[in-house]
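Everything below belongs to input.txt, which stores compact mmCIF, C-alpha atoms and all ligand atoms.
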```
# COMPACT_ATOMS: atom_id res chain seq x y z
CA MET A 1 77.76 -13.62 114.09
CA ALA A 2 74.24 -14.19 112.76
CA VAL A 3 72.00 -11.18 113.14
CA PHE A 4 68.34 -11.64 113.95
CA LYS A 5 66.11 -9.63 111.66
CA LYS A 6 62.40 -9.02 111.76
CA SER A 7 60.41 -11.41 109.61
CA ASP A 8 59.46 -10.67 106.01
CA LYS A 9 55.82 -10.79 107.15
CA LEU A 10 56.39 -7.46 108.89
CA GLN A 11 57.57 -5.65 105.76
CA GLY A 12 55.25 -2.70 105.23
CA VAL A 13 53.32 -3.29 108.46
CA CYS A 14 53.13 0.07 110.27
CA TYR A 15 51.56 1.35 113.46
CA ASP A 16 53.00 4.83 113.88
CA ILE A 17 50.71 6.07 116.66
CA ARG A 18 53.19 4.45 119.03
CA GLY A 19 56.10 4.74 116.58
CA PRO A 20 59.11 7.06 116.17
CA VAL A 21 57.28 10.15 117.45
CA LEU A 22 56.58 8.45 120.76
CA LYS A 23 60.21 7.30 120.98
CA MET A 24 61.40 10.89 120.80
CA ALA A 25 58.85 11.94 123.47
CA ARG A 26 60.17 9.19 125.77
CA GLU A 27 63.75 10.34 125.23
CA MET A 28 62.73 13.86 126.23
CA GLU A 29 61.01 12.50 129.34
CA ASP A 30 64.15 10.53 130.20
CA GLN A 31 65.95 13.86 130.23
CA GLY A 32 63.49 15.24 132.72
CA GLU A 33 61.23 17.20 130.36
CA GLN A 34 57.46 17.09 130.79
CA VAL A 35 55.66 16.06 127.61
CA LEU A 36 51.90 16.21 127.09
CA LYS A 37 51.08 13.12 125.05
CA LEU A 38 48.06 13.71 122.88
CA ASN A 39 48.78 10.71 120.68
CA ILE A 40 46.73 7.94 122.31
CA GLY A 41 43.01 7.79 123.13
CA ASN A 42 43.39 6.40 126.64
CA PRO A 43 40.65 8.00 128.78
CA ALA A 44 41.96 6.70 132.12
CA ALA A 45 45.24 8.55 131.61
CA PHE A 46 43.31 11.84 131.68
CA GLY A 47 41.21 11.30 134.78
CA PHE A 48 38.23 9.48 133.27
CA ASP A 49 37.38 6.50 135.43
CA MET A 50 35.37 3.46 134.49
CA PRO A 51 31.94 3.23 136.15
CA GLU A 52 32.42 2.02 139.71
CA ASP A 53 29.89 -0.79 139.41
CA MET A 54 31.99 -2.37 136.67
CA LEU A 55 35.03 -2.32 138.90
CA LYS A 56 33.02 -3.82 141.76
CA ASP A 57 31.84 -6.69 139.57
CA ILE A 58 35.39 -7.52 138.57
CA ILE A 59 36.53 -7.51 142.19
CA ARG A 60 33.53 -9.50 143.40
CA ASN A 61 34.11 -12.20 140.80
CA MET A 62 37.87 -12.33 141.01
CA SER A 63 38.05 -15.65 142.85
CA ALA A 64 35.76 -17.29 140.27
CA ALA A 65 37.94 -15.95 137.47
CA GLN A 66 41.15 -17.81 138.08
CA GLY A 67 40.81 -20.40 135.36
CA TYR A 68 40.52 -20.31 131.59
CA CYS A 69 37.03 -19.92 130.18
CA ASP A 70 35.47 -20.89 126.85
CA SER A 71 37.59 -19.59 123.95
CA LYS A 72 34.71 -17.39 122.79
CA GLY A 73 34.26 -15.91 126.24
CA LEU A 74 32.15 -16.32 129.38
CA TYR A 75 28.64 -17.39 128.52
CA SER A 76 27.01 -14.81 130.81
CA ALA A 77 29.01 -11.97 129.20
CA ARG A 78 28.10 -13.18 125.73
CA VAL A 79 24.42 -13.31 126.73
CA SER A 80 24.64 -9.62 127.69
CA ILE A 81 26.22 -8.79 124.34
CA TYR A 82 23.57 -10.84 122.55
CA GLN A 83 20.74 -9.03 124.34
CA TYR A 84 22.33 -5.66 123.70
CA TYR A 85 22.36 -6.25 119.95
CA GLN A 86 18.92 -7.87 119.99
CA ASN A 87 17.67 -4.54 121.31
CA LYS A 88 19.44 -2.82 118.44
CA GLN A 89 17.56 -5.03 115.95
CA PHE A 90 20.57 -6.93 114.64
CA SER A 91 19.38 -9.92 112.61
CA ASN A 92 20.26 -13.61 112.85
CA LEU A 93 22.15 -13.26 116.10
CA SER A 94 23.36 -16.26 118.04
CA ILE A 95 25.36 -16.48 121.25
CA ASP A 96 27.62 -18.91 119.43
CA ASN A 97 28.53 -16.19 116.92
CA ILE A 98 29.85 -13.80 119.55
CA PHE A 99 33.57 -13.72 120.38
CA ILE A 100 35.11 -11.89 123.32
CA GLY A 101 38.72 -10.84 122.90
CA ASN A 102 41.59 -9.01 124.58
CA GLY A 103 40.46 -5.69 123.19
CA VAL A 104 39.05 -5.00 119.75
CA SER A 105 42.70 -5.03 118.66
CA GLU A 106 43.02 -8.78 119.12
CA LEU A 107 39.73 -9.42 117.34
CA ILE A 108 40.71 -7.28 114.35
CA GLN A 109 43.77 -9.45 113.97
CA MET A 110 41.79 -12.68 114.33
CA ALA A 111 39.13 -11.49 111.88
CA THR A 112 41.72 -10.63 109.21
CA GLN A 113 44.00 -13.64 109.81
CA ALA A 114 41.07 -16.05 109.49
CA LEU A 115 39.84 -14.49 106.24
CA LEU A 116 42.62 -13.44 103.93
CA ASN A 117 44.72 -15.07 101.25
CA SER A 118 47.50 -13.39 99.33
CA GLN A 119 45.47 -11.82 96.52
CA ASP A 120 42.58 -10.71 98.72
CA GLU A 121 41.82 -7.03 99.02
CA VAL A 122 40.11 -5.23 101.87
CA LEU A 123 38.69 -1.73 101.46
CA ILE A 124 39.79 0.46 104.36
CA PRO A 125 39.05 4.16 104.89
CA ALA A 126 41.72 6.83 104.43
CA PRO A 127 42.32 8.21 106.93
CA ASP A 128 41.97 5.05 109.00
CA TYR A 129 42.67 3.68 112.42
CA PRO A 130 45.94 2.15 111.26
CA LEU A 131 45.54 -1.18 113.02
CA TRP A 132 43.15 -2.20 110.26
CA THR A 133 45.70 -1.60 107.52
CA ALA A 134 48.49 -3.21 109.54
CA SER A 135 46.38 -6.28 110.34
CA VAL A 136 45.27 -6.81 106.75
CA LYS A 137 48.92 -6.62 105.66
CA LEU A 138 50.10 -8.94 108.38
CA ALA A 139 47.38 -11.41 107.41
CA GLY A 140 48.82 -11.45 103.89
CA GLY A 141 46.03 -9.45 102.24
CA ASN A 142 46.13 -6.13 100.41
CA PRO A 143 44.71 -3.03 102.07
CA VAL A 144 43.07 -0.77 99.49
CA HIS A 145 42.25 2.67 100.81
CA TYR A 146 39.06 4.49 99.91
CA LEU A 147 38.93 8.23 100.45
CA CYS A 148 36.82 10.00 103.01
CA ASP A 149 35.90 13.50 101.92
CA GLU A 150 36.83 16.35 104.24
CA GLU A 151 34.46 18.66 102.35
CA GLN A 152 31.56 16.30 103.14
CA ASP A 153 32.09 16.01 106.89
CA TRP A 154 34.60 13.26 106.21
CA PHE A 155 31.96 10.88 104.82
CA PRO A 156 33.34 8.07 102.61
CA ASP A 157 33.34 8.89 98.91
CA ILE A 158 31.03 6.22 97.48
CA ASN A 159 32.33 6.72 93.93
CA ASP A 160 35.88 6.24 95.09
CA ILE A 161 34.84 3.02 96.82
CA LYS A 162 33.08 1.81 93.67
CA SER A 163 36.13 2.52 91.56
CA LYS A 164 38.30 0.42 93.89
CA ILE A 165 36.19 -2.73 94.05
CA THR A 166 37.74 -5.60 92.07
CA SER A 167 37.10 -9.31 91.80
CA ASN A 168 39.62 -9.72 94.63
CA THR A 169 37.78 -7.47 97.10
CA LYS A 170 36.64 -9.57 100.05
CA ALA A 171 35.59 -7.08 102.68
CA ILE A 172 35.03 -3.44 103.50
CA VAL A 173 35.97 -1.81 106.80
CA LEU A 174 33.89 0.96 108.30
CA ILE A 175 34.88 2.92 111.39
CA ASN A 176 31.79 4.61 112.76
CA PRO A 177 32.05 6.90 114.75
CA ASN A 178 35.36 7.48 113.09
CA ASN A 179 38.86 7.61 114.43
CA PRO A 180 40.61 9.88 113.45
CA THR A 181 38.04 12.20 111.82
CA GLY A 182 35.15 12.15 114.33
CA ALA A 183 32.63 11.54 111.51
CA VAL A 184 29.33 9.85 112.38
CA TYR A 185 27.66 8.28 109.35
CA ASP A 186 23.98 8.71 108.55
CA LYS A 187 21.54 6.02 107.47
CA ALA A 188 21.60 7.04 103.81
CA LEU A 189 25.36 6.51 103.60
CA LEU A 190 25.17 3.21 105.49
CA ASN A 191 22.47 2.00 103.09
CA ASP A 192 24.66 2.98 100.12
CA LEU A 193 27.53 1.00 101.61
CA LEU A 194 25.25 -1.97 102.16
CA GLY A 195 24.13 -1.73 98.53
CA LEU A 196 27.75 -2.07 97.42
CA ALA A 197 28.41 -4.94 99.81
CA ARG A 198 25.30 -6.74 98.55
CA GLU A 199 26.14 -6.22 94.90
CA HIS A 200 29.79 -7.28 95.20
CA ASN A 201 29.42 -9.97 97.84
CA LEU A 202 31.54 -8.23 100.46
CA LEU A 203 31.84 -8.94 104.15
CA VAL A 204 31.35 -5.76 106.22
CA PHE A 205 33.60 -5.13 109.22
CA SER A 206 32.06 -2.35 111.31
CA ASP A 207 34.33 -0.98 114.04
CA GLU A 208 31.98 0.78 116.49
CA ILE A 209 34.23 1.20 119.51
CA TYR A 210 33.16 4.87 119.86
CA GLU A 211 29.46 4.00 119.49
CA LYS A 212 28.24 6.08 122.42
CA ILE A 213 30.71 8.96 122.23
CA ILE A 214 28.58 11.24 120.10
CA TYR A 215 28.05 15.00 120.30
CA ASP A 216 25.31 17.44 119.26
CA ASN A 217 22.56 14.78 119.40
CA THR A 218 23.83 13.38 116.11
CA PRO A 219 21.68 10.33 115.31
CA TYR A 220 23.64 7.09 115.39
CA THR A 221 22.91 3.87 113.51
CA SER A 222 24.82 0.61 113.60
CA ILE A 223 25.01 -0.68 110.06
CA ALA A 224 24.04 -4.20 111.17
CA SER A 225 20.66 -2.94 112.35
CA LEU A 226 19.78 -2.02 108.75
CA CYS A 227 19.78 -5.37 106.97
CA ASP A 228 19.66 -9.15 107.22
CA ASP A 229 21.04 -10.07 103.81
CA VAL A 230 24.70 -8.96 104.07
CA PRO A 231 27.23 -10.63 106.39
CA ILE A 232 28.40 -8.10 108.96
CA ILE A 233 30.83 -8.31 111.85
CA THR A 234 30.44 -5.56 114.43
CA PHE A 235 33.30 -4.74 116.81
CA ASN A 236 32.97 -2.95 120.13
CA GLY A 237 34.47 -2.99 123.60
CA LEU A 238 35.04 -1.40 126.97
CA ALA A 239 38.04 0.80 126.15
CA LYS A 240 36.40 4.09 125.18
CA THR A 241 32.71 4.44 126.14
CA TYR A 242 33.43 2.71 129.45
CA ARG A 243 36.88 4.32 129.92
CA ALA A 244 38.47 0.95 130.65
CA ALA A 245 41.15 0.56 127.97
CA GLY A 246 43.42 -1.26 130.41
CA LEU A 247 40.93 -4.10 130.84
CA ARG A 248 41.63 -5.06 127.22
CA MET A 249 38.02 -6.15 126.60
CA GLY A 250 36.36 -6.23 123.22
CA TRP A 251 33.83 -8.33 121.34
CA MET A 252 32.80 -9.11 117.79
CA VAL A 253 29.34 -10.12 116.74
CA LEU A 254 28.39 -11.85 113.50
CA SER A 255 24.99 -10.91 112.10
CA GLY A 256 23.06 -10.51 108.87
CA LYS A 257 23.64 -13.24 106.30
CA VAL A 258 25.64 -15.45 108.66
CA SER A 259 24.93 -18.54 106.53
CA LEU A 260 27.78 -17.33 104.28
CA LEU A 261 30.21 -17.38 107.18
CA ASP A 262 30.16 -21.06 108.26
CA GLU A 263 33.65 -21.94 107.02
CA TYR A 264 35.10 -18.61 108.10
CA MET A 265 33.66 -19.26 111.57
CA GLN A 266 35.70 -22.45 111.79
CA GLY A 267 38.82 -20.35 111.18
CA LEU A 268 37.78 -17.83 113.83
CA GLU A 269 37.08 -20.62 116.30
CA MET A 270 40.48 -22.13 115.68
CA LEU A 271 42.28 -18.82 116.19
CA ALA A 272 40.21 -18.14 119.31
CA SER A 273 41.15 -21.50 120.78
CA MET A 274 44.84 -21.08 119.90
CA ARG A 275 44.99 -18.14 122.30
CA LEU A 276 42.91 -20.14 124.82
CA CYS A 277 40.62 -17.32 125.94
CA ALA A 278 40.48 -13.61 126.72
CA ASN A 279 41.30 -12.18 130.14
CA VAL A 280 38.63 -13.69 132.39
CA PRO A 281 38.28 -11.21 135.31
CA ALA A 282 37.67 -8.33 132.91
CA GLN A 283 34.81 -10.19 131.24
CA TYR A 284 32.82 -9.78 134.45
CA ALA A 285 32.54 -6.05 133.70
CA ILE A 286 30.65 -6.57 130.43
CA GLN A 287 27.22 -7.36 131.87
CA GLN A 288 27.29 -4.26 134.06
CA ALA A 289 28.46 -2.11 131.14
CA LEU A 290 25.79 -3.25 128.70
CA GLY A 291 22.90 -4.23 130.92
CA GLY A 292 22.93 -1.58 133.63
CA VAL A 293 22.28 2.11 133.81
CA GLN A 294 25.76 3.09 132.71
CA SER A 295 25.71 6.21 130.62
CA ILE A 296 28.29 8.53 129.21
CA ASP A 297 25.78 11.36 128.78
CA ASP A 298 27.25 13.45 131.59
CA LEU A 299 30.47 13.69 129.57
CA ILE A 300 29.14 14.24 126.06
CA LEU A 301 26.08 16.47 126.51
CA PRO A 302 26.47 20.29 126.62
CA GLY A 303 28.40 21.17 129.77
CA GLY A 304 30.05 17.73 129.91
CA ARG A 305 33.84 17.50 129.94
CA LEU A 306 34.27 15.79 126.59
CA TYR A 307 31.77 18.12 124.95
CA GLN A 308 33.64 21.19 126.24
CA GLN A 309 37.02 19.80 125.28
CA ARG A 310 35.76 18.94 121.79
CA ASN A 311 34.54 22.54 121.37
CA MET A 312 37.72 24.11 122.72
CA THR A 313 39.81 22.01 120.36
CA TYR A 314 37.68 22.72 117.33
CA GLU A 315 37.65 26.46 118.01
CA GLY A 316 41.32 26.64 119.02
CA LEU A 317 42.56 24.84 115.92
CA ASN A 318 40.35 26.80 113.55
CA ALA A 319 41.67 30.04 115.05
CA ILE A 320 45.11 29.26 113.60
CA ASP A 321 45.90 30.89 110.25
CA GLY A 322 46.54 28.09 107.78
CA VAL A 323 44.91 25.36 109.91
CA SER A 324 41.33 24.09 109.69
CA CYS A 325 39.38 21.31 111.26
CA VAL A 326 35.97 19.75 110.61
CA LYS A 327 33.90 19.63 113.79
CA PRO A 328 34.10 16.10 115.21
CA LYS A 329 30.63 14.64 115.78
CA GLY A 330 31.93 11.68 117.72
CA ALA A 331 34.96 9.97 119.30
CA LEU A 332 37.93 11.67 120.99
CA TYR A 333 39.97 13.23 118.20
CA ALA A 334 40.34 16.22 115.91
CA PHE A 335 41.91 15.54 112.52
CA ALA A 336 43.10 18.96 111.36
CA LYS A 337 44.44 20.13 108.03
CA PHE A 338 47.32 22.54 107.60
CA ASP A 339 48.28 24.48 104.52
CA ARG A 340 51.36 22.63 103.29
CA LYS A 341 52.47 25.41 100.97
CA ARG A 342 52.24 28.11 103.56
CA PHE A 343 54.29 26.15 106.10
CA ASN A 344 56.52 24.65 103.40
CA VAL A 345 55.87 21.10 104.62
CA ASP A 346 57.08 18.00 102.81
CA ASP A 347 57.25 15.78 105.83
CA ASP A 348 54.36 15.79 108.29
CA GLU A 349 56.21 13.54 110.75
CA LYS A 350 59.01 16.12 110.94
CA LEU A 351 56.41 18.80 111.66
CA ILE A 352 55.16 16.72 114.59
CA LEU A 353 58.71 16.22 115.88
CA ASP A 354 59.40 19.96 115.56
CA LEU A 355 56.24 20.72 117.51
CA LEU A 356 57.23 18.19 120.15
CA LYS A 357 60.66 19.79 120.57
CA GLN A 358 59.30 23.32 120.69
CA GLU A 359 56.11 22.90 122.73
CA ARG A 360 56.57 19.51 124.41
CA THR A 361 53.21 18.39 123.05
CA LEU A 362 52.94 15.14 121.13
CA LEU A 363 50.45 14.79 118.26
CA VAL A 364 50.37 12.24 115.42
CA HIS A 365 51.00 13.10 111.77
CA GLY A 366 48.22 12.40 109.25
CA ARG A 367 50.15 9.91 107.18
CA ALA A 368 50.26 7.60 110.22
CA PHE A 369 46.54 7.17 109.48
CA ASN A 370 47.25 6.24 105.88
CA TRP A 371 46.21 9.68 104.70
CA PRO A 372 47.97 10.16 101.34
CA ASP A 373 49.31 13.72 101.75
CA PRO A 374 51.55 15.26 104.44
CA ASP A 375 49.00 17.91 105.42
CA HIS A 376 47.09 16.71 108.50
CA PHE A 377 47.60 15.89 112.15
CA ARG A 378 45.50 14.27 114.86
CA LEU A 379 45.05 15.55 118.37
CA VAL A 380 43.44 13.65 121.26
CA PHE A 381 41.15 16.02 123.17
CA LEU A 382 41.01 14.00 126.38
CA PRO A 383 43.04 16.32 128.69
CA HIS A 384 41.22 18.46 131.22
CA PRO A 385 40.78 22.08 130.04
CA ASP A 386 43.56 23.09 132.47
CA GLN A 387 45.97 21.10 130.34
CA LEU A 388 44.24 21.36 126.99
CA THR A 389 44.13 25.17 126.90
CA PRO A 390 47.91 25.65 127.19
CA ALA A 391 48.48 22.77 124.78
CA ILE A 392 46.31 24.42 122.12
CA GLU A 393 48.00 27.77 122.79
CA GLY A 394 51.31 26.01 122.22
CA ILE A 395 50.09 24.64 118.88
CA GLN A 396 48.93 28.16 117.93
CA ARG A 397 52.35 29.58 118.84
CA PHE A 398 54.10 26.87 116.86
CA PHE A 399 52.17 27.46 113.63
CA ALA A 400 52.49 31.23 113.94
CA ASN A 401 56.22 30.93 113.11
CA TYR A 402 56.67 27.54 111.51
CA GLN A 403 58.52 27.03 108.26
CA GLN A 404 59.88 23.59 107.46
CA CYS A 405 63.24 23.77 105.78
N1 LIG B 501 39.30 0.48 116.85
C1 LIG B 501 39.45 1.81 116.86
C2 LIG B 501 38.76 2.63 115.82
C3 LIG B 501 40.25 2.42 117.83
O1 LIG B 501 40.40 3.76 117.82
C4 LIG B 501 40.90 1.61 118.80
C5 LIG B 501 41.78 2.22 119.81
O2 LIG B 501 42.09 3.38 119.81
C6 LIG B 501 40.70 0.23 118.73
C7 LIG B 501 39.89 -0.30 117.75
C8 LIG B 501 41.38 -0.68 119.72
O3 LIG B 501 40.56 -0.92 120.81
P1 LIG B 501 40.93 -1.85 122.03
O4 LIG B 501 41.51 -1.01 123.10
O5 LIG B 501 39.62 -2.48 122.42
O6 LIG B 501 41.90 -2.87 121.54
```
Can you present the structure in this file as structure tokens?
Ligand code: PLP
Amino acid sequence: MAVFKKSDKLQGVCYDIRGPVLKMAREMEDQGEQVLKLNIGNPAAFGFDMPEDMLKDIIRNMSAAQGYCDSKGLYSARVSIYQYYQNKQFSNLSIDNIFIGNGVSELIQMATQALLNSQDEVLIPAPDYPLWTASVKLAGGNPVHYLCDEEQDWFPDINDIKSKITSNTKAIVLINPNNPTGAVYDKALLNDLLGLAREHNLLVFSDEIYEKIIYDNTPYTSIASLCDDVPIITFNGLAKTYRAAGLRMGWMVLSGKVSLLDEYMQGLEMLASMRLCANVPAQYAIQQALGGVQSIDDLILPGGRLYQQRNMTYEGLNAIDGVSCVKPKGALYAFAKFDRKRFNVDDDEKLILDLLKQERTLLVHGRAFNWPDPDHFRLVFLPHPDQLTPAIEGIQRFFANYQQC
């Protein structure tokens, strides 16, 4: 009998955050074990609610939201996005160049599918949020990873980027604030990146989904606010800052030298219309999110839950002999290094599975983020301290005795 196989297009396309490690955790749960899943940055799962006014707006508009809308999104929601970025000094904005999607995830796929041919290369950070690498591959392009430097607060290594630009490089991806490292880039670095984009005619994709989740008063700049002569697409959404991942709401905004993007826009418009439109009820939350008084400050300032949990994680991981972690300045994750030699590790995924079996805590191995060596892991610090403290103690216990055979 004929067997159905996955398509060749999927060869080499990986998204391990929800991969084999999660499968094992589910099997354990099926057997009645309680597993703490620190693999996914889903605020609602850890008691963070979306602002109530956003929820009210969705409910109030539900009856008006039964039909399809424009493929790019509701006009009123796109006006709010437009005004938001006008205030941030983005150049050459137009409501027509704003697309609303079912999460940033859908827009990343549209942006890469519309752009790439088989020889085209896209520069992506290592470590990365792996959807970028997977989407570039699926779109038929070649992901080329540039290194971020742990010794330099995980800032991208400009010389490494330079050395990887070729005549086939079409675009560069920037994740700022960064998942998984928590880095927040300064203006000097962003200007250096713009210099490279200008010189080599690159499109900049800036994934800013953690834009407002920033600690220690670290200054934040969106790269698109710094220039008008480079084409830039900025991605953002409701999943993280507004704790509404389940709404699946994201947007992308073209700015800067948009005159170079006319033909590409036609491709984006076609892909947007092929999926008809994004979820309509959820779009009614955008105006309230961007235009109102919503603020995440009570969570990220000293004393706030995320601030405390970030500190506990940073201190708890650094207290482990053979483990170290750069202090995250933004986002919801710690990306920690372990001493491979000391723990005799060849396979970081096995280490994560061993930890899961021993401590019933699920993390993600560093290579799932396209980090080249098996010597890192990522932890989501969303759980309440009541859950996070024992989880970190479990990780401490695990490393105190671990040897991979
Ligand atoms: N970009 C980054 C950097 C992320 O970390 C995530 C989710 O974790 C996404 C995009 C996906 O966002 P959304 O839920 O809007 O699809």
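In this model, the gap between CA of Val230 (chain A) and CA of Gly73 (chain A) comes to 25.1 Å.
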- Task: Please provide the set of residues having any atom within 12 Å of Val13 (chain A), restricted to only C-alpha atoms, with same-chain residues fewer than 6 positions apart removed, written as a PyMOL selection string.
- Result: chain A and resi 6-7+19+130-143+368+370
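Of note, CA of His376 (chain A) and atom C4 of ligand LIG 501 (chain B) are spaced 19.3 Å apart.
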- Counting only C-alpha atoms, write as a list in words all protein and nucleic acid residues lying at most 6 Å from (21.5, -1.9, 104.7) in the file's frame. Asn191, Leu194, Leu226 and Cys227 of chain A
Around ligand LIG 501 (chain B), at most 7 Å away and counting all atoms listed in the file, which residues are there? Put them as a PDB file with C-alpha atoms, in the frame of the given file, please.
```pdb
ATOM      1  CA  ILE A  40      46.730   7.940 122.310  1.00  0.00           C
ATOM      2  CA  GLY A  41      43.010   7.790 123.130  1.00  0.00           C
ATOM      3  CA  ASN A 102      41.590  -9.010 124.580  1.00  0.00           C
ATOM      4  CA  GLY A 103      40.460  -5.690 123.190  1.00  0.00           C
ATOM      5  CA  VAL A 104      39.050  -5.000 119.750  1.00  0.00           C
ATOM      6  CA  SER A 105      42.700  -5.030 118.660  1.00  0.00           C
ATOM      7  CA  GLU A 106      43.020  -8.780 119.120  1.00  0.00           C
ATOM      8  CA  TYR A 129      42.670   3.680 112.420  1.00  0.00           C
ATOM      9  CA  ILE A 175      34.880   2.920 111.390  1.00  0.00           C
ATOM     10  CA  ASN A 178      35.360   7.480 113.090  1.00  0.00           C
ATOM     11  CA  ASN A 179      38.860   7.610 114.430  1.00  0.00           C
ATOM     12  CA  ASP A 207      34.330  -0.980 114.040  1.00  0.00           C
ATOM     13  CA  ILE A 209      34.230   1.200 119.510  1.00  0.00           C
ATOM     14  CA  GLY A 237      34.470  -2.990 123.600  1.00  0.00           C
ATOM     15  CA  LEU A 238      35.040  -1.400 126.970  1.00  0.00           C
ATOM     16  CA  ALA A 239      38.040   0.800 126.150  1.00  0.00           C
ATOM     17  CA  ALA A 245      41.150   0.560 127.970  1.00  0.00           C
ATOM     18  CA  ARG A 248      41.630  -5.060 127.220  1.00  0.00           C
ATOM     19  CA  MET A 249      38.020  -6.150 126.600  1.00  0.00           C
ATOM     20  CA  GLY A 250      36.360  -6.230 123.220  1.00  0.00           C
TER      21      GLY A 250
END
```
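The spacing separating CA of Val79 (chain A) from CA of Thr234 (chain A) amounts to 15.7 Å.
In this comparison, which uses all atoms listed in the file, the residue of A:Ala114, A:Met50, A:Leu362, A:Val258 approaching Ala289 (chain A) most closely is A:Met50.
Candidate residues A:Arg360, A:Asp375, A:Gly316, A:Thr241 were compared for distance to Val345 (chain A), and the nearest is A:Asp375, using all atoms listed in the file.
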- Task: List the neighbours of Tyr307 (chain A) out to 10 Å using all atoms listed in the file; skip same-chain residues closer than 3 positions along the sequence, and give me the result as a ChimeraX atom specification.
- Result: /A:213-216,297-304,310-312,329-330,332,381
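By chain and then residue number, the residues within 9 Å of Leu276 (chain A) are A:Tyr68, A:Cys69, A:Asp70, A:Ser71, A:Lys72, counting only C-alpha atoms and disregarding those fewer than 6 positions away in sequence.
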- 10 Å contact set for region 95-100 of chain A, only C-alpha atoms, chain neighbours under 6 positions out, as a ChimeraX atom specification: /A:70-83,106-107,233-237,249-255,258,261,265,268-269,272,277-280,283,286
- Query: Using only C-alpha atoms, which residues sit within 9 Å of Cys325 (chain A) once same-chain residues fewer than 4 positions away are excluded, as JSON, numbers by chain?
  - Reply: {"A": [150, 314, 315, 317, 318, 334, 335, 336, 337, 338]}
